[in-house]
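Asker: Following this line is protein25.tsv, made up of TSV, C-alpha atoms:
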chain	number	residue	atom	x	y	z
N	1	MET	CA	-6.39	-17.88	-318.07
N	2	LYS	CA	-9.94	-18.17	-319.31
N	3	ILE	CA	-12.34	-19.39	-316.64
N	4	LYS	CA	-14.40	-22.17	-318.17
N	5	SER	CA	-15.60	-23.86	-315.04
N	6	THR	CA	-19.14	-22.67	-314.45
N	7	ASN	CA	-22.18	-24.01	-312.58
N	8	VAL	CA	-20.00	-24.82	-309.58
N	9	HIS	CA	-21.80	-24.36	-306.28
N	10	PRO	CA	-19.61	-24.24	-303.17
N	11	MET	CA	-20.64	-26.30	-300.16
N	12	ALA	CA	-18.93	-25.15	-296.97
N	13	HIS	CA	-16.29	-27.31	-295.36
N	14	ARG	CA	-17.45	-28.59	-291.98
N	15	VAL	CA	-13.97	-28.32	-290.52
N	16	SER	CA	-12.73	-24.74	-290.40
N	17	ILE	CA	-9.14	-23.70	-290.84
N	18	HIS	CA	-9.22	-22.49	-287.23
N	19	GLU	CA	-10.21	-25.93	-285.99
N	20	ARG	CA	-7.37	-27.45	-288.00
N	21	ASN	CA	-4.83	-24.92	-286.71
N	22	HIS	CA	-6.04	-25.52	-283.16
N	23	ALA	CA	-5.82	-29.32	-283.47
N	24	TYR	CA	-2.42	-29.25	-285.16
N	25	LYS	CA	-1.16	-26.55	-282.75
N	26	HIS	CA	0.21	-24.31	-285.47
N	27	HIS	CA	-0.91	-21.97	-288.19
N	28	SER	CA	-0.83	-23.17	-291.77
N	29	GLY	CA	0.49	-21.52	-294.88
N	30	ILE	CA	2.81	-21.57	-297.85
N	31	LEU	CA	6.58	-21.16	-297.55
N	32	TRP	CA	7.43	-20.32	-301.15
N	33	MET	CA	11.15	-20.78	-301.86
N	34	THR	CA	12.35	-19.15	-305.05
N	35	GLY	CA	15.88	-19.05	-306.43
N	36	LEU	CA	18.20	-20.20	-309.18
N	37	SER	CA	18.90	-23.84	-309.93
N	38	ALA	CA	21.51	-25.06	-307.38
N	39	SER	CA	20.79	-22.18	-305.00
N	40	GLY	CA	19.83	-24.78	-302.38
N	41	LYS	CA	16.02	-24.71	-302.48
N	42	SER	CA	15.34	-28.46	-302.44
N	43	THR	CA	18.09	-29.23	-299.93
N	44	LEU	CA	16.79	-26.60	-297.52
N	45	ALA	CA	13.14	-27.53	-298.12
N	46	LEU	CA	13.76	-31.20	-297.33
N	47	GLU	CA	15.91	-30.46	-294.26
N	48	LEU	CA	13.36	-27.97	-292.99
N	49	GLU	CA	10.54	-30.48	-293.54
N	50	LYS	CA	12.45	-33.12	-291.56
N	51	ASN	CA	13.10	-30.79	-288.64
N	52	LEU	CA	9.58	-29.36	-288.56
N	53	PHE	CA	8.08	-32.86	-288.73
N	54	ALA	CA	10.26	-33.93	-285.80
N	55	LYS	CA	8.87	-30.98	-283.83
N	56	GLY	CA	5.29	-32.09	-284.54
N	57	TYR	CA	4.46	-29.68	-287.35
N	58	LYS	CA	2.24	-31.04	-290.11
N	59	THR	CA	4.28	-30.26	-293.19
N	60	PHE	CA	4.99	-31.33	-296.76
N	61	VAL	CA	7.38	-30.35	-299.54
N	62	LEU	CA	6.19	-29.63	-303.05
N	63	ASP	CA	9.04	-29.42	-305.52
N	64	GLY	CA	9.85	-30.09	-309.11
N	65	ASP	CA	10.51	-33.70	-308.29
N	66	ASN	CA	7.06	-34.64	-307.04
N	67	VAL	CA	5.11	-32.19	-309.19
N	68	ARG	CA	6.89	-32.34	-312.54
N	69	SER	CA	6.63	-36.14	-312.60
N	70	GLY	CA	2.88	-36.17	-311.96
N	71	LEU	CA	0.55	-33.18	-311.89
N	72	ASN	CA	2.63	-31.08	-314.27
N	73	ALA	CA	4.23	-33.78	-316.41
N	74	ASP	CA	2.38	-32.27	-319.37
N	75	LEU	CA	4.24	-28.97	-319.04
N	76	GLY	CA	7.60	-28.00	-320.48
N	77	PHE	CA	9.93	-25.10	-319.72
N	78	ASP	CA	8.96	-22.27	-322.05
N	79	GLU	CA	7.50	-19.15	-320.46
N	80	LYS	CA	3.85	-20.15	-320.95
N	81	ASP	CA	4.37	-23.60	-319.45
N	82	ARG	CA	6.42	-22.17	-316.57
N	83	ASN	CA	3.57	-19.74	-315.83
N	84	GLU	CA	1.07	-22.62	-315.80
N	85	ASN	CA	3.44	-24.79	-313.72
N	86	ILE	CA	3.65	-22.12	-311.04
N	87	ARG	CA	-0.07	-21.31	-311.22
N	88	ARG	CA	-1.00	-24.96	-310.56
N	89	VAL	CA	1.57	-25.37	-307.80
N	90	GLY	CA	0.28	-22.21	-306.13
N	91	GLU	CA	-3.25	-23.59	-306.14
N	92	VAL	CA	-2.14	-26.98	-304.82
N	93	ALA	CA	-0.06	-25.30	-302.12
N	94	ALA	CA	-3.12	-23.28	-301.11
N	95	LEU	CA	-5.13	-26.52	-300.77
N	96	PHE	CA	-2.46	-27.96	-298.48
N	97	ALA	CA	-2.53	-24.77	-296.40
N	98	GLU	CA	-6.34	-25.02	-296.20
N	99	ALA	CA	-5.87	-28.59	-295.00
N	100	GLY	CA	-3.85	-27.21	-292.08
N	101	LEU	CA	-0.32	-27.92	-293.26
N	102	ILE	CA	2.76	-25.80	-293.62
N	103	VAL	CA	3.58	-26.52	-297.23
N	104	ILE	CA	7.11	-25.81	-298.43
N	105	ALA	CA	7.14	-25.11	-302.16
N	106	ALA	CA	10.62	-25.15	-303.71
N	107	PHE	CA	10.55	-23.93	-307.30
N	108	ILE	CA	12.84	-21.73	-309.37
N	109	SER	CA	9.69	-19.73	-310.21
N	110	PRO	CA	11.71	-17.10	-312.07
N	111	TYR	CA	8.99	-14.52	-312.74
N	112	ASN	CA	7.83	-11.94	-310.21
N	113	ALA	CA	4.42	-11.80	-311.88
N	114	ASP	CA	3.81	-15.53	-311.31
N	115	ARG	CA	4.75	-15.34	-307.63
N	116	ASP	CA	2.75	-12.15	-307.12
N	117	ARG	CA	-0.30	-13.83	-308.61
N	118	ILE	CA	-0.18	-16.51	-305.91
N	119	ARG	CA	0.33	-13.88	-303.23
N	120	GLN	CA	-2.67	-11.93	-304.48
N	121	ALA	CA	-4.87	-15.04	-304.65
N	122	HIS	CA	-3.85	-16.20	-301.16
N	123	PRO	CA	-2.52	-13.12	-299.34
N	124	ASN	CA	-2.73	-14.49	-295.80
N	125	MET	CA	-0.99	-17.76	-296.65
N	126	PHE	CA	1.90	-16.72	-298.83
N	127	HIS	CA	5.42	-16.30	-297.46
N	128	GLU	CA	8.00	-15.59	-300.15
N	129	ILE	CA	11.48	-16.82	-299.29
N	130	TYR	CA	14.36	-15.87	-301.52
N	131	ILE	CA	17.06	-18.54	-301.58
N	132	ASN	CA	19.81	-16.20	-302.65
N	133	ALA	CA	22.99	-17.33	-304.35
N	134	SER	CA	24.61	-15.60	-307.29
N	135	LEU	CA	24.60	-17.16	-310.72
N	136	GLU	CA	28.37	-17.57	-310.45
N	137	ASP	CA	28.04	-19.49	-307.19
N	138	CYS	CA	25.21	-21.68	-308.48
N	139	GLU	CA	27.10	-22.40	-311.67
N	140	GLY	CA	30.20	-23.21	-309.62
N	141	ARG	CA	28.23	-25.75	-307.56
N	142	ASP	CA	26.33	-27.29	-310.49
N	143	PRO	CA	25.70	-30.60	-308.65
N	144	LYS	CA	23.65	-32.10	-311.48
N	145	GLY	CA	25.82	-30.73	-314.31
N	146	LEU	CA	22.82	-28.82	-315.65
N	147	TYR	CA	24.54	-25.45	-316.10
N	148	LYS	CA	27.31	-27.14	-318.05
N	149	ARG	CA	24.77	-28.82	-320.31
N	150	ALA	CA	22.86	-25.56	-320.68
N	151	ARG	CA	26.07	-23.70	-321.67
N	152	ASN	CA	26.73	-26.45	-324.21
N	153	GLY	CA	23.29	-25.86	-325.69
N	154	GLU	CA	21.99	-29.27	-324.60
N	155	ILE	CA	19.22	-27.71	-322.49
N	156	PRO	CA	17.70	-24.96	-324.59
N	157	LEU	CA	15.60	-23.25	-321.91
N	158	PHE	CA	17.51	-22.84	-318.66
N	159	THR	CA	17.04	-20.11	-316.06
N	160	GLY	CA	20.13	-17.94	-315.61
N	161	VAL	CA	21.67	-19.08	-318.89
N	162	SER	CA	19.10	-18.54	-321.63
N	163	GLU	CA	16.09	-17.54	-319.51
N	164	PRO	CA	15.76	-14.68	-317.01
N	165	TYR	CA	15.51	-14.91	-313.23
N	166	GLU	CA	13.73	-12.06	-311.46
N	167	PRO	CA	14.67	-11.88	-307.75
N	168	PRO	CA	11.82	-11.10	-305.32
N	169	LEU	CA	11.33	-7.39	-304.68
N	170	SER	CA	10.20	-7.69	-301.06
N	171	PRO	CA	10.42	-11.28	-299.82
N	172	GLU	CA	9.36	-12.11	-296.27
N	173	LEU	CA	12.76	-13.76	-295.76
N	174	THR	CA	16.05	-13.99	-297.65
N	175	VAL	CA	18.45	-16.86	-297.06
N	176	ASP	CA	21.97	-16.15	-298.29
N	177	THR	CA	23.27	-19.62	-299.10
N	178	VAL	CA	26.66	-18.32	-300.22
N	179	ASN	CA	27.56	-17.03	-296.79
N	180	LEU	CA	25.49	-19.38	-294.62
N	181	SER	CA	26.01	-23.12	-294.21
N	182	VAL	CA	23.11	-25.53	-294.79
N	183	ALA	CA	22.70	-25.87	-291.01
N	184	GLU	CA	22.67	-22.10	-290.51
N	185	SER	CA	20.22	-21.63	-293.38
N	186	VAL	CA	17.87	-24.27	-291.99
N	187	GLN	CA	18.08	-22.66	-288.55
N	188	LEU	CA	17.05	-19.32	-290.04
N	189	LEU	CA	14.06	-20.97	-291.67
N	190	GLU	CA	13.07	-22.81	-288.50
N	191	ASP	CA	13.27	-19.59	-286.52
N	192	TYR	CA	11.00	-17.96	-289.08
N	193	VAL	CA	8.46	-20.76	-288.74
N	194	GLU	CA	8.58	-20.78	-284.94
N	195	LYS	CA	7.98	-17.03	-284.92
N	196	ASN	CA	5.23	-16.91	-287.53
N	197	PHE	CA	3.39	-20.25	-287.39
N	198	ARG	CA	3.48	-21.43	-283.79
N	199	GLN	CA	-0.05	-21.27	-282.34
N	200	LEU	CA	-0.15	-19.10	-279.22
F	1	MET	CA	-0.72	-36.87	-322.38
F	2	LYS	CA	2.68	-36.05	-323.80
F	3	ILE	CA	5.41	-35.93	-321.16
F	4	LYS	CA	7.34	-32.70	-321.71
F	5	SER	CA	8.94	-32.36	-318.31
F	6	THR	CA	12.50	-33.62	-318.66
F	7	ASN	CA	15.78	-33.05	-316.79
F	8	VAL	CA	13.99	-33.55	-313.47
F	9	HIS	CA	16.16	-35.22	-310.86
F	10	PRO	CA	14.36	-36.62	-307.82
F	11	MET	CA	15.78	-35.87	-304.38
F	12	ALA	CA	14.45	-38.24	-301.73
F	13	HIS	CA	12.07	-36.97	-299.08
F	14	ARG	CA	13.68	-37.11	-295.64
F	15	VAL	CA	10.38	-38.01	-294.01
F	16	SER	CA	9.06	-41.37	-295.15
F	17	ILE	CA	5.42	-42.25	-295.57
F	18	HIS	CA	5.89	-44.77	-292.75
F	19	GLU	CA	7.11	-42.08	-290.37
F	20	ARG	CA	4.11	-39.97	-291.28
F	21	ASN	CA	1.67	-42.86	-290.80
F	22	HIS	CA	3.30	-43.68	-287.47
F	23	ALA	CA	3.13	-40.07	-286.25
F	24	TYR	CA	-0.46	-39.55	-287.39
F	25	LYS	CA	-1.50	-43.00	-286.12
F	26	HIS	CA	-3.23	-44.02	-289.32
F	27	HIS	CA	-2.48	-45.07	-292.86
F	28	SER	CA	-2.95	-42.56	-295.65
F	29	GLY	CA	-4.66	-42.89	-298.98
F	30	ILE	CA	-7.31	-41.71	-301.39
F	31	LEU	CA	-11.03	-42.29	-300.85
F	32	TRP	CA	-12.32	-41.66	-304.35
F	33	MET	CA	-16.07	-41.05	-304.37
F	34	THR	CA	-17.70	-41.34	-307.78
F	35	GLY	CA	-21.36	-40.97	-308.67
F	36	LEU	CA	-23.96	-38.87	-310.44
F	37	SER	CA	-24.66	-35.26	-309.60
F	38	ALA	CA	-26.93	-35.20	-306.49
F	39	SER	CA	-25.99	-38.78	-305.55
F	40	GLY	CA	-24.67	-37.40	-302.25
F	41	LYS	CA	-20.90	-37.32	-302.82
F	42	SER	CA	-20.14	-33.88	-301.38
F	43	THR	CA	-22.55	-34.24	-298.48
F	44	LEU	CA	-21.03	-37.57	-297.46
F	45	ALA	CA	-17.47	-36.39	-298.07
F	46	LEU	CA	-17.90	-33.34	-295.84
F	47	GLU	CA	-19.69	-35.29	-293.07
F	48	LEU	CA	-17.06	-38.01	-293.20
F	49	GLU	CA	-14.27	-35.42	-293.04
F	50	LYS	CA	-15.88	-33.82	-289.97
F	51	ASN	CA	-16.23	-37.13	-288.14
F	52	LEU	CA	-12.76	-38.39	-289.05
F	53	PHE	CA	-11.21	-35.07	-288.00
F	54	ALA	CA	-13.01	-35.31	-284.65
F	55	LYS	CA	-11.46	-38.75	-284.19
F	56	GLY	CA	-7.97	-37.37	-284.81
F	57	TYR	CA	-7.53	-38.45	-288.43
F	58	LYS	CA	-5.61	-36.06	-290.66
F	59	THR	CA	-8.02	-35.62	-293.53
F	60	PHE	CA	-9.12	-33.23	-296.29
F	61	VAL	CA	-11.85	-33.10	-298.93
F	62	LEU	CA	-11.09	-32.34	-302.55
F	63	ASP	CA	-14.22	-31.64	-304.54
F	64	GLY	CA	-15.44	-29.62	-307.47
F	65	ASP	CA	-15.89	-26.64	-305.20
F	66	ASN	CA	-12.31	-26.17	-304.10
F	67	VAL	CA	-10.68	-27.54	-307.26
F	68	ARG	CA	-12.84	-26.11	-310.04
F	69	SER	CA	-12.51	-22.60	-308.61
F	70	GLY	CA	-8.71	-22.74	-308.47
F	71	LEU	CA	-6.46	-25.45	-309.85
F	72	ASN	CA	-8.85	-26.48	-312.62
F	73	ALA	CA	-10.62	-23.20	-313.31
F	74	ASP	CA	-9.17	-23.37	-316.83
F	75	LEU	CA	-11.07	-26.59	-317.61
F	76	GLY	CA	-14.59	-27.00	-318.91
F	77	PHE	CA	-16.89	-30.01	-319.09
F	78	ASP	CA	-16.25	-31.66	-322.45
F	79	GLU	CA	-14.69	-35.11	-322.40
F	80	LYS	CA	-11.11	-33.91	-322.89
F	81	ASP	CA	-11.36	-31.35	-320.09
F	82	ARG	CA	-13.10	-33.86	-317.80
F	83	ASN	CA	-10.23	-36.30	-318.41
F	84	GLU	CA	-7.69	-33.62	-317.52
F	85	ASN	CA	-9.73	-32.50	-314.51
F	86	ILE	CA	-9.69	-36.02	-313.09
F	87	ARG	CA	-6.05	-36.60	-314.02
F	88	ARG	CA	-4.95	-33.50	-312.09
F	89	VAL	CA	-7.17	-34.26	-309.11
F	90	GLY	CA	-5.77	-37.79	-308.99
F	91	GLU	CA	-2.22	-36.44	-308.86
F	92	VAL	CA	-3.09	-33.87	-306.19
F	93	ALA	CA	-4.88	-36.52	-304.15
F	94	ALA	CA	-1.76	-38.71	-304.37
F	95	LEU	CA	0.35	-35.82	-303.04
F	96	PHE	CA	-2.02	-35.48	-300.06
F	97	ALA	CA	-1.77	-39.21	-299.42
F	98	GLU	CA	2.05	-38.97	-299.60
F	99	ALA	CA	1.79	-36.17	-297.03
F	100	GLY	CA	0.10	-38.66	-294.69
F	101	LEU	CA	-3.52	-37.60	-295.06
F	102	ILE	CA	-6.66	-39.48	-295.88
F	103	VAL	CA	-7.90	-37.42	-298.79
F	104	ILE	CA	-11.55	-37.69	-299.74
F	105	ALA	CA	-12.04	-36.86	-303.42
F	106	ALA	CA	-15.67	-36.31	-304.41
F	107	PHE	CA	-16.07	-36.00	-308.16
F	108	ILE	CA	-18.64	-37.27	-310.64
F	109	SER	CA	-15.65	-38.70	-312.57
F	110	PRO	CA	-17.93	-40.42	-315.08
F	111	TYR	CA	-15.37	-42.46	-317.03
F	112	ASN	CA	-13.97	-45.79	-315.87
F	113	ALA	CA	-10.79	-45.18	-317.87
F	114	ASP	CA	-10.03	-41.97	-315.93
F	115	ARG	CA	-10.54	-43.61	-312.56
F	116	ASP	CA	-8.56	-46.69	-313.57
F	117	ARG	CA	-5.68	-44.48	-314.64
F	118	ILE	CA	-5.42	-43.08	-311.09
F	119	ARG	CA	-5.65	-46.58	-309.63
F	120	GLN	CA	-2.87	-47.80	-311.89
F	121	ALA	CA	-0.65	-44.82	-311.07
F	122	HIS	CA	-1.23	-45.16	-307.31
F	123	PRO	CA	-2.40	-48.74	-306.72
F	124	ASN	CA	-1.74	-48.88	-302.98
F	125	MET	CA	-3.49	-45.62	-302.24
F	126	PHE	CA	-6.64	-45.77	-304.31
F	127	HIS	CA	-9.98	-46.78	-302.80
F	128	GLU	CA	-12.89	-46.43	-305.22
F	129	ILE	CA	-16.20	-45.73	-303.55
F	130	TYR	CA	-19.35	-45.79	-305.61
F	131	ILE	CA	-21.96	-43.37	-304.30
F	132	ASN	CA	-24.86	-45.16	-305.87
F	133	ALA	CA	-28.20	-43.55	-306.61
F	134	SER	CA	-30.18	-44.01	-309.80
F	135	LEU	CA	-30.54	-41.23	-312.31
F	136	GLU	CA	-34.26	-41.07	-311.44
F	137	ASP	CA	-33.50	-40.58	-307.76
F	138	CYS	CA	-30.81	-37.99	-308.41
F	139	GLU	CA	-33.04	-36.11	-310.81
F	140	GLY	CA	-35.86	-36.26	-308.27
F	141	ARG	CA	-33.59	-34.69	-305.62
F	142	ASP	CA	-32.01	-32.06	-307.90
F	143	PRO	CA	-31.11	-29.73	-304.99
F	144	LYS	CA	-29.38	-27.17	-307.21
F	145	GLY	CA	-31.89	-27.39	-310.10
F	146	LEU	CA	-29.12	-28.53	-312.42
F	147	TYR	CA	-30.96	-31.51	-313.94
F	148	LYS	CA	-33.91	-29.25	-314.73
F	149	ARG	CA	-31.62	-26.74	-316.42
F	150	ALA	CA	-29.82	-29.54	-318.28
F	151	ARG	CA	-33.15	-30.94	-319.54
F	152	ASN	CA	-34.06	-27.43	-320.70
F	153	GLY	CA	-30.84	-27.30	-322.67
F	154	GLU	CA	-29.36	-24.56	-320.48
F	155	ILE	CA	-26.39	-26.75	-319.50
F	156	PRO	CA	-25.18	-28.41	-322.70
F	157	LEU	CA	-22.82	-30.98	-321.16
F	158	PHE	CA	-24.35	-32.71	-318.14
F	159	THR	CA	-23.63	-36.22	-316.90
F	160	GLY	CA	-26.68	-38.47	-316.99
F	161	VAL	CA	-28.58	-36.17	-319.34
F	162	SER	CA	-26.36	-35.52	-322.36
F	163	GLU	CA	-23.14	-37.19	-321.16
F	164	PRO	CA	-22.60	-40.79	-320.06
F	165	TYR	CA	-21.89	-42.06	-316.54
F	166	GLU	CA	-19.99	-45.34	-316.24
F	167	PRO	CA	-20.48	-47.00	-312.83
F	168	PRO	CA	-17.38	-48.59	-311.28
F	169	LEU	CA	-16.90	-52.24	-312.21
F	170	SER	CA	-15.36	-53.38	-308.92
F	171	PRO	CA	-15.34	-50.58	-306.36
F	172	GLU	CA	-13.85	-51.18	-302.91
F	173	LEU	CA	-17.12	-49.95	-301.40
F	174	THR	CA	-20.60	-49.09	-302.63
F	175	VAL	CA	-22.85	-46.75	-300.68
F	176	ASP	CA	-26.51	-46.99	-301.67
F	177	THR	CA	-27.82	-43.52	-300.89
F	178	VAL	CA	-31.34	-44.36	-302.03
F	179	ASN	CA	-31.86	-46.93	-299.29
F	180	LEU	CA	-29.50	-45.56	-296.64
F	181	SER	CA	-29.89	-42.29	-294.75
F	182	VAL	CA	-27.03	-39.80	-294.65
F	183	ALA	CA	-26.16	-40.95	-291.12
F	184	GLU	CA	-26.18	-44.63	-292.17
F	185	SER	CA	-24.08	-43.86	-295.24
F	186	VAL	CA	-21.50	-41.92	-293.21
F	187	GLN	CA	-21.34	-44.76	-290.69
F	188	LEU	CA	-20.60	-47.22	-293.48
F	189	LEU	CA	-17.77	-44.99	-294.68
F	190	GLU	CA	-16.37	-44.52	-291.17
F	191	ASP	CA	-16.41	-48.27	-290.61
F	192	TYR	CA	-14.51	-48.71	-293.86
F	193	VAL	CA	-11.87	-46.20	-292.76
F	194	GLU	CA	-11.54	-47.68	-289.27
F	195	LYS	CA	-11.05	-51.11	-290.79
F	196	ASN	CA	-8.62	-50.13	-293.54
F	197	PHE	CA	-6.70	-47.08	-292.31
F	198	ARG	CA	-6.34	-47.41	-288.55
F	199	GLN	CA	-2.68	-48.04	-287.69
F	200	LEU	CA	-2.29	-51.24	-285.67
Take the structure I supplied and represent it as structure tokens, if you would.
Answerer:
Amino acid sequence: MKIKSTNVHPMAHRVSIHERNHAYKHHSGILWMTGLSASGKSTLALELEKNLFAKGYKTFVLDGDNVRSGLNADLGFDEKDRNENIRRVGEVAALFAEAGLIVIAAFISPYNADRDRIRQAHPNMFHEIYINASLEDCEGRDPKGLYKRARNGEIPLFTGVSEPYEPPLSPELTVDTVNLSVAESVQLLEDYVEKNFRQL
Amino acid sequence: MKIKSTNVHPMAHRVSIHERNHAYKHHSGILWMTGLSASGKSTLALELEKNLFAKGYKTFVLDGDNVRSGLNADLGFDEKDRNENIRRVGEVAALFAEAGLIVIAAFISPYNADRDRIRQAHPNMFHEIYINASLEDCEGRDPKGLYKRARNGEIPLFTGVSEPYEPPLSPELTVDTVNLSVAESVQLLEDYVEKNFRQL
């Protein structure tokens, strides 16, 4: 990406991240869920958000549904647009974390390089969570019929069928949604948050 | 903007905006501050954020400083890139409002059409606030020396010098920063928030 935005002079925020974390009684950061279509990302993200909210956490889900229809509606699904999709979401997620929230980002985000770029830009915020289900399992679930349409050639660019998926090399957490129920998976995620984000 | 993002299937958030507003004890929305460079947008936005945070409001400032260095670092200052800059910020601000926050967006945002587009996309969230100071006053302040450099031709695209600024036609609030002090201006903004965002 070429940086074109010059003559920008930062003015310090008057509310520090520490003040926000103190007021909200938890640390903030990015829970980045990556995995194949139908691996369970959105389901787990939305259940986790509900449970964390009920516990008083300030939290919000970013996913294809609320990002692809607005901010990134101008982007398609080829590699260049996927890169830009993930770049923008990473930056938005970082803004939410700076605002004091635990932001749950649920995106296929198939490329290691894209995810690593966010980690490098925001190393203290980024928690990579691999929502792990095999292609066979995801294709067997196929709740939206997308794999079927992709196999029929109706969706030309589809991760796992015509496009690669690169699993994380060293994620902070892996959730095996083939062998764990939704409830067990959500519990694993909640435990992770309680351990890593609860203000002491 | 061409919409390229298809095959996106919304999954409903399990936490409604009403639950968020109830928990945070205030309504959420976008305070969109528009005005010339040096009109006082960022100063007022950051002071307002500090005071609202101290009162328990969940709030965050989006401004050129935290957006131009990240999300929109790929955009310059010609009309097309300014349009896209404001479009993206509008969508990000809407996400913050959906998360339950009062987001304060401080951007020159010189074109009525760009601001109206955000209002039309998010009519219940959008509060347009005109930070009003004449070009003469702003150029007299010139705290960063930008007007001087623009007059010298060192900054080719600069609102008020070589690029137009279109004042809002019917803003929800106008803050006259020539005749009001910073403290008076912030008080006006706080009063507006207390009146329009406090949960009853």
Asker: Which residues are near Pro168 of chain F? Cut-off 10 Å, all atoms listed in the file, ignore same chain within fewer than 4 positions. Put them as a count of residues only.
Answerer: 16
Asker: Select, from N:Glu154, N:Ala38, N:Gly29, N:Ala121, the residue with the minimum atom-to-atom distance to Asp137 of chain N, counting all atoms listed in the file.
Answerer: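 Looking only at the distances to Asp137 of chain N, the closest residue turns out to be N:Ala38.
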Asker: Which is closer to chain F than all the others in N:Gly153, N:Gly70, N:Gly160, N:Gly140, using all atoms listed in the file?
Answerer: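 Using all atoms listed in the file, the shortest distance to chain F belongs to N:Gly70.
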Asker: Please check which residues have atoms at most 10 Å from (-23.4, -45.4, -301.3) in the file's coordinates, counting only C-alpha atoms, and write them as a PyMOL selection string.
Answerer: chain F and resi 33-35+39-41+44+129-133+173-182+184-186+188-189
Asker: State, in Å with one decimal place, the distance from atom CA of Ala94 of chain F to atom CA of Val61 of chain F.
Answerer: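 Those two atoms sit 12.8 Å apart.
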Asker: Using only C-alpha atoms, find the one residue out of N:Lys80, N:Arg151, N:Glu190, N:Ser37 that sits nearest to Tyr165 of chain N.
Answerer: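 Checking each of N:Lys80, N:Arg151, N:Glu190, N:Ser37 against Tyr165 of chain N, counting only C-alpha atoms, the winner is N:Ser37.
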Asker: Measuring between only C-alpha atoms, which one of F:Ser28, F:Ser69, F:Asn21, F:Gln187 shows the shortest distance to chain N?
Answerer: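 Ranked by minimum distance to chain N, first place goes to F:Ser69.
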Asker: Between N:Phe77, N:Ile86, N:Ala183, N:Pro123, which one has atoms that come closest to Ile155 of chain N, using all atoms listed in the file?
Answerer: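 Closest residue, counting all atoms listed in the file: N:Phe77.
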Asker: Would you compute the distance between atom CA of Leu101 of chain N and atom CA of Phe60 of chain F? Give it in Å to one decimal.
Answerer: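 Computing it gives 10.7 Å between the two atoms.
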